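Structure record follows, encoded as structure tokens.
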Amino acid sequence: MVSRRRILGLAGTGVGLAVFGAGLVGCGPEEAAGTPSGSSKPGGGEKGGGFTTPPPGTAPEPLWRAAAANTSLSGNEALAVIGNLALVSGDPLVGRDMATGKEKWSRRGVTTPGAKLIFGGGTLYLASAEYDGDVVGLDPATGKETWRSRLGKQYEQPRPIAADDRHVYVLAGILEKDFTTPNNVIAAIDTTSGKIAWREQRDAGTEEFGITAAAVDGRLVYTDYRENVTVRDTATGRQLWTKKISRSNNRRFAVHKDLVIVADGRRLRAFDLAGGKERWSLRTEEFSAFNDPHVLDGVLYAADSARGMWAVDPATGKQIWHNEDLRDKATQAWQFAKVNGTLYGATEFDEDGGVHAFDAATGKLRWTYNDKSGDIQQWYVAAAGDRLAVMHGKRIYALPAV
């Protein structure tokens, strides 16, 4: 067994997911498979309305709960809310109604294990479960296949990494005669015609895995295990710039207007999206490091490994608040969502973690929801109107956003 301290230490360095993600799946008790257990206090019901707010300092109870086929191999893209549905990566791939928890559709054998939920232009893109080199597109409302394309037989299992209204962007190994893939390409497939819009071979030594990407305003931005931040033009694939950072960043970065913002050890660093020039840098205290940054409603939020919480102006890097009151109260959050004036943070590998609710104006902790399962698998959270989709291990919940 791996110690809790060791897991937390690796998670803080960005290695935890890659090393322990598969081994920690389903460590705690699972919900029984089948239909959700229905609504529980404070409210819920068939139409999903009428829940009440618990007293200050008290975490709400789930409106509904259900089993989830999550394997955690897909990292931060394991849970998504699209429209009024919560989608969980796994086999089967399932879409649940956020109001009732009822299963709206389920597809077995539709994609590869650990597939990321890549959404763009109204379509959910996945690598084919047949390992035939196809990329498939699903209607997220029904789960039905609406699109299919491929790069070609000379490439090994293309995997979608990002999408927008025009393209789905994929990464694939270049097959050699001995069936090895020492080099790889990044490519764009036209979402209308299914034809390859462009493909560019990446530099020698780059890896096919550990990629986090986003397509924003004509730019494809991605980070990788090799401590790079790279930006390409989405129309042509031309590499505009790449920068070395001091820490592997394979989970999440933030994009705000003309800036890309990454966690780089003790610093949050903002680079000009067009040219790569560093625009600002913010340093946390000694012996701590920043975790994944999120920009929500025009504010940059990030936790650090010393359990500090930060709110920052993403345009200038100026601190709005830095709350250190949570060090003895809350485990660090890695994924955030925001509803009105409340910031929600999902924690990582800790049985005392869960979903924290913070006052977005001050960073003060309001409450923590924990399912008491004792499972140290990481939590996920996504906003869904006046609700939160919450996933932990092989369970999914809906919490009122209060």
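Order determines the names: the first chain of the structure tokens is A, the second B, and so forth; residues in each chain are numbered 1 upward, and ligands are numbered 1 upward as they are shown.
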Shell of 12 Å around A:Arg269, only C-alpha atoms, local chain residues under 5 positions omitted, as a PyMOL selection string: chain A and resi 229+243-247+253-255+259-264+276-284+290+292-293+300+312+314-318
With a distance cut-off of 6 Å and only C-alpha atoms, select the neighbouring residues of A:Ile161, excluding the residue or stretch itself and same-chain residues fewer than 6 positions from it, and output the selection as a PDB file with all heavy atoms, in the first residue's frame.
```
ATOM      1  N   TYR A 169      -8.932  18.622 -32.838  1.00  0.00           N
ATOM      2  CA  TYR A 169      -7.473  18.544 -32.868  1.00  0.00           C
ATOM      3  C   TYR A 169      -7.045  17.221 -32.231  1.00  0.00           C
ATOM      4  O   TYR A 169      -7.511  16.872 -31.129  1.00  0.00           O
ATOM      5  CB  TYR A 169      -6.870  19.739 -32.132  1.00  0.00           C
ATOM      6  CG  TYR A 169      -7.365  21.042 -32.711  1.00  0.00           C
ATOM      7  CD1 TYR A 169      -8.476  21.685 -32.166  1.00  0.00           C
ATOM      8  CD2 TYR A 169      -6.755  21.607 -33.830  1.00  0.00           C
ATOM      9  CE1 TYR A 169      -8.957  22.867 -32.720  1.00  0.00           C
ATOM     10  CE2 TYR A 169      -7.233  22.788 -34.390  1.00  0.00           C
ATOM     11  CZ  TYR A 169      -8.339  23.396 -33.834  1.00  0.00           C
ATOM     12  OH  TYR A 169      -8.826  24.560 -34.391  1.00  0.00           O
ATOM     13  N   VAL A 170      -6.190  16.489 -32.924  1.00  0.00           N
ATOM     14  CA  VAL A 170      -5.821  15.148 -32.479  1.00  0.00           C
ATOM     15  C   VAL A 170      -4.306  15.001 -32.431  1.00  0.00           C
ATOM     16  O   VAL A 170      -3.564  15.701 -33.132  1.00  0.00           O
ATOM     17  CB  VAL A 170      -6.421  14.058 -33.388  1.00  0.00           C
ATOM     18  CG1 VAL A 170      -7.944  14.133 -33.387  1.00  0.00           C
ATOM     19  CG2 VAL A 170      -5.893  14.177 -34.806  1.00  0.00           C
ATOM     20  N   ALA A 213      -4.752  20.525 -23.536  1.00  0.00           N
ATOM     21  CA  ALA A 213      -4.892  21.474 -24.641  1.00  0.00           C
ATOM     22  C   ALA A 213      -6.215  22.226 -24.570  1.00  0.00           C
ATOM     23  O   ALA A 213      -7.177  21.771 -23.945  1.00  0.00           O
ATOM     24  CB  ALA A 213      -4.794  20.734 -25.980  1.00  0.00           C
TER      25      ALA A 213
END
```
Hey, could you make a per-residue contact list for stretch 277-357 of chain A against stretch 58-77 of chain A with 9 Å as the cut-off, showing the nearest pair of atoms and its distance in Å to one decimal, counting only C-alpha atoms, sorted by chain and number, as a tab-separated table?
```
residue	atom	partner	partner_atom	distance
A:Gln335	CA	A:Asn76	CA	8.0
A:His356	CA	A:Ala59	CA	8.9
A:Ala357	CA	A:Ala59	CA	8.5
```
Mind writing the picked residues with all heavy atoms as a PDB file, in the first residue's frame?
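To be explicit, this is the file written out as result.pdb:
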```pdb
ATOM      1  N   GLN A 335      -9.633  21.475  -8.620  1.00  0.00           N
ATOM      2  CA  GLN A 335     -10.597  21.791  -9.672  1.00  0.00           C
ATOM      3  C   GLN A 335     -11.671  22.687  -9.079  1.00  0.00           C
ATOM      4  O   GLN A 335     -12.163  22.430  -7.978  1.00  0.00           O
ATOM      5  CB  GLN A 335     -11.217  20.499 -10.219  1.00  0.00           C
ATOM      6  CG  GLN A 335     -12.067  20.706 -11.462  1.00  0.00           C
ATOM      7  CD  GLN A 335     -12.679  19.406 -11.947  1.00  0.00           C
ATOM      8  OE1 GLN A 335     -13.468  18.784 -11.265  1.00  0.00           O
ATOM      9  NE2 GLN A 335     -12.298  18.986 -13.145  1.00  0.00           N
ATOM     10  N   HIS A 356     -15.251  21.739  -1.232  1.00  0.00           N
ATOM     11  CA  HIS A 356     -15.271  22.904  -0.355  1.00  0.00           C
ATOM     12  C   HIS A 356     -16.081  24.012  -1.010  1.00  0.00           C
ATOM     13  O   HIS A 356     -15.995  24.222  -2.218  1.00  0.00           O
ATOM     14  CB  HIS A 356     -13.858  23.437  -0.102  1.00  0.00           C
ATOM     15  CG  HIS A 356     -12.920  22.443   0.507  1.00  0.00           C
ATOM     16  ND1 HIS A 356     -13.252  21.667   1.583  1.00  0.00           N
ATOM     17  CD2 HIS A 356     -11.630  22.121   0.187  1.00  0.00           C
ATOM     18  CE1 HIS A 356     -12.226  20.905   1.912  1.00  0.00           C
ATOM     19  NE2 HIS A 356     -11.228  21.153   1.075  1.00  0.00           N
ATOM     20  N   ALA A 357     -16.828  24.735  -0.197  1.00  0.00           N
ATOM     21  CA  ALA A 357     -17.527  25.935  -0.655  1.00  0.00           C
ATOM     22  C   ALA A 357     -16.874  27.148   0.011  1.00  0.00           C
ATOM     23  O   ALA A 357     -16.779  27.210   1.246  1.00  0.00           O
ATOM     24  CB  ALA A 357     -19.002  25.880  -0.300  1.00  0.00           C
TER      25      ALA A 357
END
```
Just the number, please: distance in Å from atom CA of A:Trp241 to atom CA of A:Lys116, one decimal.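 Those two atoms sit 25.5 Å apart.
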Out of A:Ala302, A:Ala163, A:Ile174, A:Ile196, which residue has the shortest atom-to-atom distance to A:Gly218 when counting only C-alpha atoms?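 Looking at the shortest contact to A:Gly218, the residue is A:Ala163.
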Which residue gives the smallest distance to A:Tyr155 among A:Ala274, A:Ala78, A:Leu240, A:Ala172, with only C-alpha atoms counted? A:Ala172
What does the distance from atom CA of A:Gly95 to atom CA of A:Gly121 come to in Å, to one decimal? 18.1 Å
Using only C-alpha atoms, determine which residues lie at most 8 Å from A:Ile211, disregarding the query and same-chain residues fewer than 4 positions distant; provide the list as a short mmCIF file (atom, residue, chain, number, x, y, z; two decimals) with all heavy atoms, in the first residue's frame.
```cif
data_model
loop_
_atom_site.label_atom_id
_atom_site.label_comp_id
_atom_site.auth_asym_id
_atom_site.auth_seq_id
_atom_site.Cartn_x
_atom_site.Cartn_y
_atom_site.Cartn_z
N ILE A 161 -7.60 16.00 -28.49
CA ILE A 161 -7.09 16.76 -27.34
C ILE A 161 -7.83 18.07 -27.15
O ILE A 161 -7.78 18.67 -26.06
CB ILE A 161 -5.58 17.01 -27.47
CG1 ILE A 161 -5.25 17.77 -28.76
CG2 ILE A 161 -4.80 15.70 -27.40
CD1 ILE A 161 -3.80 18.23 -28.85
N TYR A 222 -1.24 24.21 -25.75
CA TYR A 222 -1.10 22.95 -25.02
C TYR A 222 0.18 22.94 -24.19
O TYR A 222 1.16 23.60 -24.49
CB TYR A 222 -1.14 21.74 -25.97
CG TYR A 222 -0.18 21.73 -27.12
CD1 TYR A 222 1.04 21.06 -27.04
CD2 TYR A 222 -0.51 22.35 -28.33
CE1 TYR A 222 1.91 21.03 -28.11
CE2 TYR A 222 0.35 22.32 -29.41
CZ TYR A 222 1.56 21.66 -29.30
OH TYR A 222 2.43 21.62 -30.37
N THR A 223 0.11 22.17 -23.10
CA THR A 223 1.26 21.92 -22.23
C THR A 223 1.51 20.42 -22.21
O THR A 223 0.66 19.63 -22.60
CB THR A 223 1.01 22.44 -20.81
OG1 THR A 223 -0.16 21.81 -20.27
CG2 THR A 223 0.82 23.93 -20.80
N ASP A 224 2.70 20.01 -21.72
CA ASP A 224 3.04 18.60 -21.77
C ASP A 224 3.98 18.20 -20.65
O ASP A 224 4.41 19.03 -19.85
CB ASP A 224 3.65 18.24 -23.14
CG ASP A 224 4.90 19.05 -23.46
OD1 ASP A 224 5.71 19.29 -22.54
OD2 ASP A 224 5.07 19.45 -24.63
N TYR A 225 4.29 16.88 -20.61
CA TYR A 225 5.20 16.35 -19.60
C TYR A 225 6.60 16.94 -19.70
O TYR A 225 7.35 16.96 -18.73
CB TYR A 225 5.33 14.83 -19.77
CG TYR A 225 4.22 14.02 -19.16
CD1 TYR A 225 3.80 12.84 -19.77
CD2 TYR A 225 3.60 14.39 -17.98
CE1 TYR A 225 2.79 12.07 -19.22
CE2 TYR A 225 2.59 13.64 -17.42
CZ TYR A 225 2.20 12.47 -18.04
OH TYR A 225 1.20 11.70 -17.50
N ASN A 250 0.69 19.03 -16.85
CA ASN A 250 -0.09 18.15 -17.71
C ASN A 250 -1.56 18.09 -17.33
O ASN A 250 -2.27 17.19 -17.76
CB ASN A 250 0.49 16.72 -17.68
CG ASN A 250 0.38 16.09 -16.31
OD1 ASN A 250 0.96 16.57 -15.35
ND2 ASN A 250 -0.36 15.00 -16.21
N ARG A 251 -2.03 19.05 -16.52
CA ARG A 251 -3.42 18.97 -16.09
C ARG A 251 -4.26 20.15 -16.54
O ARG A 251 -5.23 19.99 -17.26
CB ARG A 251 -3.49 18.82 -14.57
CG ARG A 251 -2.98 17.50 -14.07
CD ARG A 251 -3.58 17.12 -12.77
NE ARG A 251 -3.54 18.22 -11.81
CZ ARG A 251 -3.81 18.06 -10.53
NH1 ARG A 251 -4.10 16.87 -10.06
NH2 ARG A 251 -3.76 19.09 -9.70
#
```
Residue with the minimum atom-to-atom distance to A:Glu176, picked from A:Arg199, A:Lys153, A:Arg96, A:Gly143 with only C-alpha atoms counted, is A:Lys153
d(atom CA of A:Asp139, atom CA of A:Ala127) in Å: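 The value is 14.6 Å.
Excluding stretch 319-326 of chain A itself and any same-chain residue fewer than 4 positions from it, the protein and nucleic acid residues within 7 Å of it, counting only C-alpha atoms, are Arg307, Gly308, Met309, Trp310, Ala311, Val312, Asp313, Ala330, Thr362 and Gly363 of chain A.
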Writing out the chosen residues with C-alpha atoms as a CSV table (one decimal), in the first residue's frame:
```csv
chain,number,residue,atom,x,y,z
A,307,ARG,CA,-3.3,25.0,1.4
A,308,GLY,CA,-3.4,28.7,0.8
A,309,MET,CA,-6.2,30.0,-1.5
A,310,TRP,CA,-5.6,32.9,-4.0
A,311,ALA,CA,-7.7,35.2,-6.0
A,312,VAL,CA,-5.8,37.2,-8.6
A,313,ASP,CA,-6.6,39.7,-11.4
A,330,ALA,CA,-9.2,22.1,4.3
A,362,THR,CA,-12.9,36.7,0.6
A,363,GLY,CA,-11.9,33.0,0.3
```
Would you pick out the contacts of A:Pro140 at 9 Å or less, using only C-alpha atoms, so that residues sharing its chain but fewer than 5 positions from it are not included, and give the list as a list in words? Ile82, Gly83, Leu85, Leu87, Gly95, Phe119, Gly122, Thr123 and Leu124 of chain A
Can I get the selected residues back with all heavy atoms, as an mmCIF file, in the first residue's frame?
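File produced: result_8.cif:
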```cif
data_model
loop_
_atom_site.group_PDB
_atom_site.id
_atom_site.type_symbol
_atom_site.label_atom_id
_atom_site.label_comp_id
_atom_site.auth_asym_id
_atom_site.auth_seq_id
_atom_site.Cartn_x
_atom_site.Cartn_y
_atom_site.Cartn_z
ATOM 1 N N ILE A 82 -22.883 19.192 -19.961
ATOM 2 C CA ILE A 82 -23.220 19.759 -21.252
ATOM 3 C C ILE A 82 -24.727 19.899 -21.307
ATOM 4 O O ILE A 82 -25.455 18.903 -21.248
ATOM 5 C CB ILE A 82 -22.716 18.881 -22.415
ATOM 6 C CG1 ILE A 82 -21.201 18.696 -22.327
ATOM 7 C CG2 ILE A 82 -23.092 19.493 -23.763
ATOM 8 C CD1 ILE A 82 -20.632 17.755 -23.368
ATOM 9 N N GLY A 83 -25.207 21.137 -21.398
ATOM 10 C CA GLY A 83 -26.643 21.359 -21.327
ATOM 11 C C GLY A 83 -27.155 20.976 -19.954
ATOM 12 O O GLY A 83 -26.632 21.407 -18.934
ATOM 13 N N LEU A 85 -27.204 17.792 -18.924
ATOM 14 C CA LEU A 85 -26.719 16.447 -18.685
ATOM 15 C C LEU A 85 -25.337 16.447 -18.051
ATOM 16 O O LEU A 85 -24.484 17.261 -18.401
ATOM 17 C CB LEU A 85 -26.657 15.647 -19.991
ATOM 18 C CG LEU A 85 -27.970 15.340 -20.710
ATOM 19 C CD1 LEU A 85 -27.690 14.500 -21.940
ATOM 20 C CD2 LEU A 85 -28.954 14.629 -19.791
ATOM 21 N N LEU A 87 -22.063 14.115 -17.894
ATOM 22 C CA LEU A 87 -21.444 13.017 -18.623
ATOM 23 C C LEU A 87 -20.226 12.533 -17.849
ATOM 24 O O LEU A 87 -19.423 13.326 -17.377
ATOM 25 C CB LEU A 87 -21.010 13.461 -20.020
ATOM 26 C CG LEU A 87 -22.064 13.430 -21.138
ATOM 27 C CD1 LEU A 87 -23.217 14.374 -20.829
ATOM 28 C CD2 LEU A 87 -21.438 13.803 -22.464
ATOM 29 N N GLY A 95 -24.879 9.553 -19.913
ATOM 30 C CA GLY A 95 -25.379 10.904 -19.718
ATOM 31 C C GLY A 95 -26.553 10.874 -18.748
ATOM 32 O O GLY A 95 -27.520 10.126 -18.960
ATOM 33 N N PHE A 119 -15.251 18.414 -26.032
ATOM 34 C CA PHE A 119 -16.491 18.974 -26.567
ATOM 35 C C PHE A 119 -16.198 20.236 -27.361
ATOM 36 O O PHE A 119 -15.419 21.089 -26.929
ATOM 37 C CB PHE A 119 -17.450 19.307 -25.422
ATOM 38 C CG PHE A 119 -18.754 19.898 -25.856
ATOM 39 C CD1 PHE A 119 -19.725 19.111 -26.451
ATOM 40 C CD2 PHE A 119 -19.017 21.246 -25.664
ATOM 41 C CE1 PHE A 119 -20.939 19.655 -26.853
ATOM 42 C CE2 PHE A 119 -20.211 21.801 -26.053
ATOM 43 C CZ PHE A 119 -21.185 21.003 -26.653
ATOM 44 N N GLY A 122 -20.819 21.753 -30.442
ATOM 45 C CA GLY A 122 -22.024 20.962 -30.207
ATOM 46 C C GLY A 122 -21.820 19.465 -30.276
ATOM 47 O O GLY A 122 -22.785 18.703 -30.190
ATOM 48 N N THR A 123 -20.577 19.006 -30.419
ATOM 49 C CA THR A 123 -20.298 17.572 -30.569
ATOM 50 C C THR A 123 -19.281 17.113 -29.529
ATOM 51 O O THR A 123 -18.357 17.851 -29.183
ATOM 52 C CB THR A 123 -19.765 17.276 -31.986
ATOM 53 O OG1 THR A 123 -20.753 17.663 -32.947
ATOM 54 C CG2 THR A 123 -19.453 15.802 -32.173
ATOM 55 N N LEU A 124 -19.458 15.887 -29.049
ATOM 56 C CA LEU A 124 -18.522 15.250 -28.141
ATOM 57 C C LEU A 124 -17.615 14.338 -28.962
ATOM 58 O O LEU A 124 -18.098 13.441 -29.663
ATOM 59 C CB LEU A 124 -19.282 14.439 -27.099
ATOM 60 C CG LEU A 124 -18.460 13.684 -26.054
ATOM 61 C CD1 LEU A 124 -17.762 14.661 -25.117
ATOM 62 C CD2 LEU A 124 -19.366 12.732 -25.257
#
```
Pick from A:Gly57, A:Ala270, A:Glu285, A:Arg387, whichever lies nearest to A:Asp359 using only C-alpha atoms: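 When distances to A:Asp359 are compared using only C-alpha atoms, the smallest one comes from A:Gly57.
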List as an MDAnalysis selection string the protein and nucleic acid residues near A:Leu171, meaning an atom at most 6 Å away when only C-alpha atoms are counted, but skip any in the same chain fewer than 4 places from it. chainID A and resid 158:159 185:186
To test your reading of the structure, identify every residue in stretch 142-339 of chain A that backbone DSSP assigns to strand (DSSP E or B), and report it as an NGL selection string. :A and (145-150 or 155-163 or 167-174 or 183-190 or 196-201 or 212-216 or 219-223 or 228-233 or 239-244 or 254-256 or 259-264 or 267-272 or 278-283 or 290 or 294-296 or 299-304 or 309-312 or 319-323 or 333-339)
